[in-house]
Structure formats: structure tokens, C-alpha cells
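So the structure is just underneath, and the comments pick up after that.
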Amino acid sequence: MRIVVASGKGGTGKTLVSTSLALHWARQGQESCYIDADVEEPNGHLFLQPAIDATRRFTMPVPRLEGTCEACGRCQELCAFHAILAIKGRVLVFPELCHSCGACVLACLPGVLHLAPREIGTIREGRVGSLRFIDGTLDVGEARAARLTEGVASTPCGGRVIVDAPPGTSCPAVATLRGADIAVLVTEPTPFGLHDLGLAIRMCRSLGVPPVVVVNRSDLGGDVEAALAEFGAPVVGRIPFDPRIAVATAKGEIAIDVVPRFAETVAGIALAVERAALEARS
Amino acid sequence: MKQVVVLSGKGGTGKTSLTAALVRLAGRCVAVDADVDAANLALLMPGQDDPWRTFTAGRRARIDPDLCVGCMRCSEECPFKAIRMGAAWIPVVDPLACEGCGICKQWCTPGAIRFEGHEAGVWTVRRTVWGPLVHAALHVGEDNSGKLVAQVRKEGARLGSAENIDLVLVDGPPGIGCPVHAAIGGADLVVAITEPGVAAAHDLERLLDLARWFHVPAAIVLNKADLHPAASADLRFMAAARGVPVLVDLPFLPAVPRALARGRCLLEVEGLQEPLDACWAGIQRMLAGAPAPAEECRPAEPT
């Protein structure tokens with residue numbers, strides 16, 4: 001079962017909810033895997049403190065000239081992304097624009113263009129007790145986050161997979177939602193939270209992933225019950241504001257270990273998410 | 001004209017709330033909402049929108065069913081796995097997966113594939129009492145958010161020159177990827193709003209690295225500073241070590257989310273007027289090229 005924890009708005013508590021759910025299921029004896037796919041700002045490791053047993057550099061292929069360019073200019077002509085220029089026997093590649101599609105290589109009649117790997121970030125794998133841990137970190141200055149997001153999110157793993165998605169509703173978020181059984185959307189009871197939740201629900205529906213909602217800091221803000229009901233996505237949990245959760249999170253502690261009442265809330269959310277995922281499947 | 005961009009690395013630390021307050025303190029400025037896939041600044045800046053304009057970026061494959069012979073070569077060759085067999089043995093294109101590279105067209109012997117310009121989002125200008133607000137909405141699931149950010153920033157700068165406004169305030173996106181690059185490039189100052197805690201501190205460091213990479217000076221606003229004083233002290237120490245000034249501490253107040261829920265601005269929350277004034281004064285000092293006051297740079301004791 002693949003559970004993606006997402007939100008339109010940032011900072012609503014994706015990492016809090018996803019790390020808590022992952023630990024909860026792992027401790028229940030479920031084979032579980034936590035994937036931090038927010039490669040621009042991965043934070044799960046700060047809380048889970050995994051023992052890392054494998055680190056590899058992630059690459060995306062970009063064109064490289066190996067041989068004599070005949071300056072026919074076809075690569076430049078066929079590149080839809082303006083990522084390659086052919087000038088007087090030299091080829092200039094703009095890797096931040098390149099989509100790694102290989103059209104330039106196909107276009108190269110003398111066959112001197114090849115795709116060569118370019119490093120854009122790191123993927124790590126490890127363990128937190130019985131919980132498997134995977135995360136990705138984009139190199140500072142790199143732009144193509146969605147590629148690494150896809151790479152991290154598609155790392156093979158079995159059992160229950162909990163994916164901590166990047167914020168927003170553009171390509172990196174979509175990359176994590178593909179193939180998910182259910183999306184847990186974390187929001188907060190403010191106009192920002194609701195507005196972005198609406199976008200996230202639309203994103204899930206356009207991808208055919210059923211959404212459920214968790215309202216974080218549910219008592220800080222306004223009355224949003226009517227608005228939530230209108231979205232038509234079931235609310236599977238409400239986390240009232242608790243300064244002890246805020247302080248534990250600030251320190252990098254596991255909030256379910258520090259605040260028993262929060263652990264109960266998480267257990268309730270876990271059950272409701274399982275149920276909703278099974279219902280959606282049948 | 002000066003361009004100030006409010007960023008955070010981590011989401012939800014208060015970028016939009018702070019930007020809306022700065023807009024009011026500036027009195028008259030161009031506001032730009034550069035968080036185009038979750039744009040919220042307009043919720044705190046009422047006014048009248050011009051008609052929405054479409055934003056086209058990239059292109060998508062279209063298959064003409066009358067010309068297609070169903071060989072499925074396009075599907076085999078597509079590097080993005082965006083073409084699959086549909087009904088009646090005609091391939092269909094997944095518009096969210098297609099990146100418009102054109103490889104399918106190269107392989108299509110009957111010439112059944114053509115490319116169409118693709119609407120990736122919409123944008124407009126809102127007229128408010130504080131000046132124009134340029135805001136946009138990227139369509140759900142699109143890439144090209146960086147290009148739309150570039151578009152709204154360009155329009156912001158254009159409005160600034162056209163209407164003789166010398167300040168552009170940009171509400172930035174979270175993260176450090178493509179849309180943030182588009183938001184930060186060529187700006188005069190990054191105001192990084194953060195909160196105490198391991199996650200926000202980690203993200204802030206990556207953001208400050210990025211600002212340095214772009215050669216844009218940065219200043220920090222420490223939101224909810226009193227929620228965890230020890231973590232705030234750590235942040236201050238890190239900022240001092242990097243020579244980045246902390247402009248102001250904002251307290252954690254449960255009244256803030258309640259005010260936002262009613263569409264009110266931070267300035268209307270009791271206890272925030274004074275620190276926000278100080279923050280605005282600090283920004284103005286930095287834009288004028290003055291060094292940050294020495295006491296703001298003094299390292300705190302590590303805890």
C-alpha cells in the first residue's frame with residue numbers, strides 16, 4: 001500500500017504526519033518504508049535520525065559531444081527546450097533547461113552526441129529500527145527538483161510505503177502522487193490552508209488518487225467545517241494545537257513519543273487511512 | 001527600483017502574512033505573488049482584478065486519429081512514458097506526463113503527431129489601495145512554474161517603471177528549486193522568514209546558500225521566536241556566523257491564525273505593530289546599503 005502525505009500549502013505538518021504514521025505502523029510490526037520526497041528541503045531525517053547504510057549520487061542524462069561536430073545544427077533545431085546550441089563545431093549545453101529526452105542525440109547525424117550522466121543530488125537509504133528510510137537531497141543551485149523527486153519516490157520498496165511529498169501542486173508533487181493508493185492531505189484552518197487544500201484535492205482527483213484530509217492545529221484559526229464538507233474529501237483526523245508538539249518538533253524529537261495524546265490521534269488517523277485506502281481499492 | 005523577495009526554504013513559516021504586512025507598511029509598492037502553485041497573497045490584498053490572461057509555456061503532443069495507423073512506435077520511443085494505447089487502437093497522450101520533446105513526432109511515419117502550444121496557467125494584475133498586485137495560478141500538475149514566476153516578476157518590474165513605484169515586494173515560493181531561482185535572480189534583498197526548530201533551520205541554511213550563490217544579500221525574520229528560545233538562540237548563532245542580520249523577532253500569538261482566518265493582516269494583531277515597524281525599518285536600512293547594526297550581528301551563546 002502506497003500512502004502519499006501531501007498538501008498544497010507548505011508548513012502544514014506533512015513531515016510530522018508522515019513520520020508519525022510511518023513509525024506507528026513500523027512499531028505495530030508492519031513492514032513499512034518512509035520516503036522523504038521533498039528533495040528541495042528534506043526534513044524527515046532530522047526527526048527519524050536513521051542509520052544510513054547506502055548513499056548514492058543521483059544523475060540525470062544530458063548531452064555531451066564526443067567526436068567532431070559537423071555543425072549541421074539539427075540538435076539545436078530539434079531541442080524543444082532550447083537547451084543546446086551548436087556553433088561552429090562546438091556544442092553548448094544548458095543543463096538546467098535540459099529534460100534528458102535525447103532528441104538531440106537522435107537528431108545528430110554524425111552520431112557524435114551522447115547522453116552522459118550529470119549529478120544533481122543524493123539518495124540515501126537506511127533504517128530506523130524496523131522502519132526502512134529513503135530520502136533525496138537536491139544539490140543547492142540545481143533547478144530540476146522533479147527529476148530527483150521521481151527518482152526517490154520510485155526507489156523500490158515493499159510493504160507499507162509512506163511518502164512525504166513536496167508542497168505545492170506542480171510537477172514535483174505530481175511525481176510523488178503517481179501510483180499512490182491514497183493521498184493524505186494535511187491542512188490548517190486558515191483561508192490559505194483551505195485555498196491550497198482545494199488545489200491539492202483537484203490535483204489528486206486529476207491523477208485518480210483518492211484524497212483524505214488531516215486538519216493540523218485544528219483549533220487555531222476559524223470555523224472551516226462547512227468549507228471542508230464542500231470539498232467532499234473525508235476528514236480522517238484533527239490535531240489540536242499543543243505547545244508540547246511544537247516544542248518537540250522544534251527540538252527534532254518524535255512527537256508521538258513525547259505527547260501521549262498525540263500518539264492516540266496518530267493511531268486514529270492510521271486506522272482511518274487504512275480503512276479509506278481499502279475502501280478506495282474495492 | 002528595488003526588489004525585495006520574501007522566502008523561507010521551509011513552507012508555512014509566514015512568508016505571505018509578512019509580505020502582506022510589508023505591503024501595508026510600504027504604503028505604495030508593486031506586490032508580486034511568486035508562489036504560483038499555491039498563491040495566497042491575494043487573499044490578504046482585496047481589490048479588483050483585471051481580466052485573467054493565459055500563460056502559455058511548452059507544448060504537448062496531439063495525435064490525429066485519422067492519420068494514425070496504430071503502430072505504437074510513439075509509445076515505445078516516448079522518453080516520458082506519456083503515450084499509451086487507448087480505445088480503438090489509437091494511442092492517447094497523458095498531458096501531465098508529456099513534456100513536449102518531439103521524439104514521437106520524429107518516429108511517426110504517417111505524420112499523425114503535431115504539437116500545440118500549451119496553457120500552463122493564468123495571471124492577472126489586481127488593483128489595490130496599496131498599489132498593483134501581480135498574481136498567477138499555475139494549472140494543477142504543470143511544470144514551468146519557474147517560467148510563470150519569471151513572467152509575474154517581469155510584469156511587476158514593468159508596472160514599477162510605468163507607474164513610478166520604486167519598490168517591488170515579492171512573496172516567494174517554498175523550497176530552493178526552479179521557481180525559487182526565478183524569484184531570487186536579480187533581487188536586491190532576500191528577507192528569509194524562519195521559525196525556531198531543526199527543520200526550519202536546516203531549510204534556512206540551504207536557502208542562505210542559494211542566496212549567496214545568486215549574490216543577493218539576505219536578512220532574517222525570526223517568527224514565533226518564543227516558542228522555543230534555545231532553538232532561536234541556535235538560529236541567531238548560525239546567522240551571526242554567516243554575517244546575516246536578524247532583523248526582528250516576532251512572538252508566537254494564537255491570535256495570528258485567528259486574525260488570518262478572518263482575512264485580517266498581522267498589523268491588526270495586538271503586539272505585532274511594533275516589531276513589524278522595526279522589521280520594515282531594517283529592510284529600508286539594508287536597501288539603502290547601510291550595514292546591519294552591530295548588536296544584531298553579535299553571536300549568541302550556543303546552547
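Quick note on naming: the chains in the C-alpha cells go A, B, ... in the order shown, residues restart at 1 in each chain, and ligands are numbered from 1 in order of appearance.
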
Within 7 Å of chain B, which residues of chain A show up when using only C-alpha atoms, listed as a VMD selection string?
chain A and resid 8 to 12 40 to 41 43 46 79 to 80 101 103 140 to 145 168 to 171 174 190 to 192 196 199 203 220 to 222 247 249 to 252

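For Phe115 in chain B, the residues within 6 Å (counting only C-alpha atoms, excluding itself and residues fewer than 2 positions away along the chain) are B:Arg60, B:Ala61, B:Arg62.
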
Enumerate as a PyMOL selection string all residues of range 33-218 of chain A assigned to alpha helix (DSSP H) by DSSP on the backbone, naming them with the chain letters and numbers the document uses.
chain A and resi 44-48+74-78+103-107+145-153+171-177+191-207

Store the residues of this selection in a file with N, CA and C atoms, as a CSV table (one decimal), in the first residue's frame.
chain,number,residue,atom,x,y,z
A,44,GLY,N,12.7,14.9,7.1
A,44,GLY,CA,12.4,13.6,7.8
A,44,GLY,C,13.5,13.1,8.6
A,45,HIS,N,14.7,13.2,8.0
A,45,HIS,CA,15.9,12.6,8.7
A,45,HIS,C,16.2,13.3,10.0
A,46,LEU,N,15.8,14.6,10.1
A,46,LEU,CA,16.1,15.3,11.4
A,46,LEU,C,15.3,14.7,12.5
A,47,PHE,N,14.2,14.2,12.3
A,47,PHE,CA,13.4,13.6,13.3
A,47,PHE,C,13.6,12.1,13.5
A,48,LEU,N,13.7,11.4,12.4
A,48,LEU,CA,13.9,9.9,12.5
A,48,LEU,C,15.3,9.5,12.8
A,74,ARG,N,21.2,20.4,-36.4
A,74,ARG,CA,19.9,19.7,-36.2
A,74,ARG,C,19.6,19.5,-34.7
A,75,CYS,N,20.6,19.3,-33.9
A,75,CYS,CA,20.3,19.1,-32.4
A,75,CYS,C,19.6,20.4,-31.9
A,76,GLN,N,20.1,21.5,-32.2
A,76,GLN,CA,19.6,22.8,-31.8
A,76,GLN,C,18.1,23.0,-32.3
A,77,GLU,N,18.0,22.6,-33.5
A,77,GLU,CA,16.7,22.7,-34.2
A,77,GLU,C,15.6,21.8,-33.5
A,78,LEU,N,16.0,20.6,-33.2
A,78,LEU,CA,15.0,19.6,-32.6
A,78,LEU,C,14.8,19.7,-31.1
A,103,ALA,N,16.4,13.9,-27.7
A,103,ALA,CA,16.0,14.3,-29.1
A,103,ALA,C,17.3,14.7,-29.8
A,104,CYS,N,18.2,15.4,-29.1
A,104,CYS,CA,19.4,15.9,-29.8
A,104,CYS,C,20.3,14.8,-30.3
A,105,VAL,N,20.3,13.7,-29.4
A,105,VAL,CA,21.1,12.5,-29.8
A,105,VAL,C,20.5,11.8,-31.0
A,106,LEU,N,19.2,11.7,-31.1
A,106,LEU,CA,18.6,11.2,-32.2
A,106,LEU,C,18.8,12.0,-33.5
A,107,ALA,N,18.9,13.3,-33.3
A,107,ALA,CA,19.0,14.3,-34.4
A,107,ALA,C,20.4,14.3,-34.9
A,145,ALA,N,14.3,19.8,-9.7
A,145,ALA,CA,13.9,19.0,-8.5
A,145,ALA,C,13.0,17.8,-8.8
A,146,ALA,N,12.1,18.0,-9.8
A,146,ALA,CA,11.1,16.9,-10.1
A,146,ALA,C,11.8,15.6,-10.5
A,147,ARG,N,13.0,15.7,-11.2
A,147,ARG,CA,13.7,14.5,-11.7
A,147,ARG,C,14.1,13.7,-10.4
A,148,LEU,N,14.7,14.4,-9.5
A,148,LEU,CA,15.2,13.7,-8.3
A,148,LEU,C,14.0,13.2,-7.5
A,149,THR,N,13.0,14.0,-7.4
A,149,THR,CA,11.8,13.6,-6.7
A,149,THR,C,11.3,12.2,-7.3
A,150,GLU,N,11.2,12.2,-8.6
A,150,GLU,CA,10.8,10.9,-9.2
A,150,GLU,C,11.7,9.8,-8.9
A,151,GLY,N,13.0,10.1,-8.9
A,151,GLY,CA,14.0,9.0,-8.6
A,151,GLY,C,13.8,8.5,-7.2
A,152,VAL,N,13.6,9.4,-6.2
A,152,VAL,CA,13.5,9.0,-4.8
A,152,VAL,C,12.2,8.2,-4.7
A,153,ALA,N,11.1,8.8,-5.2
A,153,ALA,CA,9.8,8.2,-5.0
A,153,ALA,C,9.6,6.8,-5.6
A,171,CYS,N,4.8,20.0,-10.8
A,171,CYS,CA,5.3,18.7,-11.2
A,171,CYS,C,6.0,17.9,-10.1
A,172,PRO,N,6.7,18.5,-9.1
A,172,PRO,CA,7.3,17.6,-8.1
A,172,PRO,C,6.3,16.9,-7.3
A,173,ALA,N,5.2,17.6,-6.9
A,173,ALA,CA,4.1,17.0,-6.2
A,173,ALA,C,3.4,15.9,-7.0
A,174,VAL,N,3.2,16.1,-8.2
A,174,VAL,CA,2.5,15.2,-9.1
A,174,VAL,C,3.4,13.9,-9.2
A,175,ALA,N,4.7,14.1,-9.3
A,175,ALA,CA,5.6,13.0,-9.5
A,175,ALA,C,5.5,12.0,-8.3
A,176,THR,N,5.2,12.5,-7.1
A,176,THR,CA,5.1,11.6,-5.9
A,176,THR,C,3.8,10.9,-5.9
A,177,LEU,N,2.7,11.6,-6.5
A,177,LEU,CA,1.4,11.0,-6.3
A,177,LEU,C,1.1,9.9,-7.3
A,191,PRO,N,-7.7,30.6,5.7
A,191,PRO,CA,-8.0,30.8,4.3
A,191,PRO,C,-6.9,30.2,3.4
A,192,PHE,N,-5.6,30.4,3.8
A,192,PHE,CA,-4.5,29.9,2.9
A,192,PHE,C,-4.6,28.4,2.9
A,193,GLY,N,-4.8,27.8,4.1
A,193,GLY,CA,-4.8,26.3,4.1
A,193,GLY,C,-5.9,25.8,3.3
A,194,LEU,N,-7.1,26.4,3.4
A,194,LEU,CA,-8.3,25.9,2.6
A,194,LEU,C,-8.1,26.1,1.1
A,195,HIS,N,-7.6,27.3,0.7
A,195,HIS,CA,-7.4,27.6,-0.7
A,195,HIS,C,-6.5,26.5,-1.3
A,196,ASP,N,-5.4,26.2,-0.6
A,196,ASP,CA,-4.4,25.3,-1.2
A,196,ASP,C,-4.9,23.9,-1.1
A,197,LEU,N,-5.7,23.6,-0.1
A,197,LEU,CA,-6.3,22.3,0.0
A,197,LEU,C,-7.2,22.0,-1.2
A,198,GLY,N,-7.9,23.0,-1.6
A,198,GLY,CA,-8.8,22.8,-2.8
A,198,GLY,C,-8.0,22.5,-4.0
A,199,LEU,N,-6.8,23.2,-4.2
A,199,LEU,CA,-5.9,22.8,-5.3
A,199,LEU,C,-5.4,21.4,-5.2
A,200,ALA,N,-5.0,21.0,-4.0
A,200,ALA,CA,-4.4,19.7,-3.8
A,200,ALA,C,-5.5,18.6,-4.1
A,201,ILE,N,-6.7,18.9,-3.7
A,201,ILE,CA,-7.8,17.9,-3.9
A,201,ILE,C,-8.0,17.7,-5.4
A,202,ARG,N,-7.9,18.9,-6.1
A,202,ARG,CA,-8.1,18.8,-7.6
A,202,ARG,C,-6.9,18.0,-8.2
A,203,MET,N,-5.7,18.2,-7.7
A,203,MET,CA,-4.6,17.5,-8.2
A,203,MET,C,-4.8,16.0,-8.0
A,204,CYS,N,-5.2,15.6,-6.8
A,204,CYS,CA,-5.4,14.2,-6.6
A,204,CYS,C,-6.4,13.6,-7.5
A,205,ARG,N,-7.5,14.3,-7.6
A,205,ARG,CA,-8.6,13.7,-8.5
A,205,ARG,C,-8.2,13.6,-9.9
A,206,SER,N,-7.4,14.6,-10.4
A,206,SER,CA,-7.0,14.5,-11.8
A,206,SER,C,-6.0,13.4,-12.0
A,207,LEU,N,-5.4,12.9,-10.9
A,207,LEU,CA,-4.5,11.8,-11.1
A,207,LEU,C,-5.2,10.4,-10.6

Residues near Leu92 in chain A, anyone? I mean within 10 Å using only C-alpha atoms, not counting same-chain ones fewer than 5 positions away, as number ranges by chain.
A: 63-65, 76, 83-87

Store the residues picked out above, limited to N, CA, C and O atoms, as a compact mmCIF listing (two decimals), in the first residue's frame.
# COMPACT_ATOMS: atom_id res chain seq x y z
N PRO A 63 23.24 15.80 -22.80
CA PRO A 63 24.07 15.52 -23.97
C PRO A 63 25.52 15.98 -23.79
O PRO A 63 25.78 16.99 -23.14
N ARG A 64 26.43 15.18 -24.38
CA ARG A 64 27.84 15.56 -24.38
C ARG A 64 28.41 15.22 -25.75
O ARG A 64 28.08 14.20 -26.33
N LEU A 65 29.26 16.09 -26.25
CA LEU A 65 29.87 15.89 -27.56
C LEU A 65 31.09 14.99 -27.41
O LEU A 65 31.97 15.26 -26.60
N GLN A 76 20.13 21.51 -32.23
CA GLN A 76 19.55 22.77 -31.75
C GLN A 76 18.13 22.95 -32.27
O GLN A 76 17.23 23.36 -31.54
N ALA A 83 17.82 23.93 -25.02
CA ALA A 83 18.86 23.58 -24.07
C ALA A 83 20.20 23.31 -24.74
O ALA A 83 21.17 22.99 -24.07
N ILE A 84 20.24 23.39 -26.06
CA ILE A 84 21.50 23.09 -26.75
C ILE A 84 21.71 24.07 -27.92
O ILE A 84 20.77 24.41 -28.63
N LEU A 85 22.95 24.54 -28.01
CA LEU A 85 23.31 25.43 -29.11
C LEU A 85 24.48 24.81 -29.85
O LEU A 85 25.41 24.31 -29.22
N ALA A 86 24.45 24.81 -31.19
CA ALA A 86 25.56 24.30 -31.97
C ALA A 86 26.16 25.46 -32.73
O ALA A 86 25.51 26.06 -33.58
N ILE A 87 27.38 25.81 -32.37
CA ILE A 87 28.03 26.95 -33.01
C ILE A 87 29.40 26.51 -33.51
O ILE A 87 30.26 26.14 -32.72

Taking 4 positions as the minimum chain separation for residues in the same chain, which residues sit within 9 Å of Thr55 in chain A when counting only C-alpha atoms? Answer as an MDAnalysis selection string.
chainID A and resid 122:126

Can you tell me, as an mmCIF file with N, CA and C atoms, in the first residue's frame, what residues are no more than 9 Å from Gly282 in chain B when counting only C-alpha atoms, ignoring any on the same chain fewer than 5 positions away?
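Output file selection_16.cif follows:
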data_model
loop_
_atom_site.group_PDB
_atom_site.id
_atom_site.type_symbol
_atom_site.label_atom_id
_atom_site.label_comp_id
_atom_site.auth_asym_id
_atom_site.auth_seq_id
_atom_site.Cartn_x
_atom_site.Cartn_y
_atom_site.Cartn_z
ATOM 1 N N ALA B 219 18.500 38.875 4.835
ATOM 2 C CA ALA B 219 18.260 39.228 6.228
ATOM 3 C C ALA B 219 17.192 38.272 6.753
ATOM 4 N N LEU B 247 16.657 40.686 11.554
ATOM 5 C CA LEU B 247 16.011 41.994 11.606
ATOM 6 C C LEU B 247 15.124 42.141 12.826
ATOM 7 N N VAL B 248 14.382 41.080 13.153
ATOM 8 C CA VAL B 248 13.434 41.206 14.251
ATOM 9 C C VAL B 248 12.957 39.823 14.686
ATOM 10 N N ASP B 277 7.142 47.213 12.521
ATOM 11 C CA ASP B 277 7.751 48.512 12.189
ATOM 12 C C ASP B 277 9.271 48.379 12.180
ATOM 13 N N LEU B 287 18.288 48.213 2.252
ATOM 14 C CA LEU B 287 18.141 48.630 0.856
ATOM 15 C C LEU B 287 18.953 49.886 0.583
ATOM 16 N N ALA B 292 24.162 46.314 8.812
ATOM 17 C CA ALA B 292 23.253 45.992 9.903
ATOM 18 C C ALA B 292 23.871 46.442 11.216
#

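One finds CA of Ala276 in chain A at 16.7 Å from CA of Val163 in chain A.
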
Please identify every residue of range 107-224 of chain A that has at least one atom no farther than 9 Å from an atom of range 278-282 of chain A, counting only C-alpha atoms, and for each give the shortest atom pair and the distance in Å to one decimal, arranged by chain then increasing number, as a Markdown table.
| residue | atom | partner | partner_atom | distance |
| --- | --- | --- | --- | --- |
| A:Asp181 | CA | A:Arg281 | CA | 7.5 |
| A:Ile182 | CA | A:Ala280 | CA | 7.9 |
| A:Val209 | CA | A:Ala280 | CA | 8.9 |
| A:Pro210 | CA | A:Ala280 | CA | 6.9 |

Near Phe55 in chain B, within 7 Å and counting only C-alpha atoms, which residues show up once chain neighbours fewer than 5 positions away are dropped, as a list of chain:residue names?
B:Glu119, B:Ala120, B:Gly121, B:Val122, B:Trp123

Near Asn223 in chain B, within 7 Å and counting only C-alpha atoms, which residues show up once chain neighbours fewer than 6 positions away are dropped, as a ChimeraX atom specification?
/B:193-195,249-251

Residue selection dump (C-alpha atoms) as a PDB file, in the first residue's frame:
ATOM      1  CA  ILE B 193      11.410  34.311   7.416  1.00  0.00           C
ATOM      2  CA  THR B 194      12.004  31.320   9.632  1.00  0.00           C
ATOM      3  CA  GLU B 195      10.965  29.806  12.947  1.00  0.00           C
ATOM      4  CA  ASP B 249      11.829  38.538  16.447  1.00  0.00           C
ATOM      5  CA  LEU B 250       8.098  38.030  16.121  1.00  0.00           C
ATOM      6  CA  PRO B 251       6.298  36.357  19.037  1.00  0.00           C
TER       7      PRO B 251
END

From a backbone DSSP assignment, name each residue in range 56-225 of chain A labelled strand (DSSP E), as a VMD selection string.
chain A and resid 56 to 65 84 to 87 90 to 93 113 to 128 131 to 138 160 to 164 182 to 187 211 to 216

CA of Pro61 in chain A sits from CA of Leu148 in chain B at a separation of 25.5 Å

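Residue nearest Glu96 in chain A within the list A:Pro117, A:Gly129, A:Val62, A:Pro240: A:Val62 [criterion: smallest interatomic distance, only C-alpha atoms].
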
In Å to one decimal, how far is CA of Ala6 in chain A from CA of Cys98 in chain B?
22.8 Å

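Compared by their closest atoms to Ala26 in chain B, and using only C-alpha atoms, the residues B:Pro95, B:Ile184, B:Asp166, B:Met72 rank with B:Asp166 nearest.
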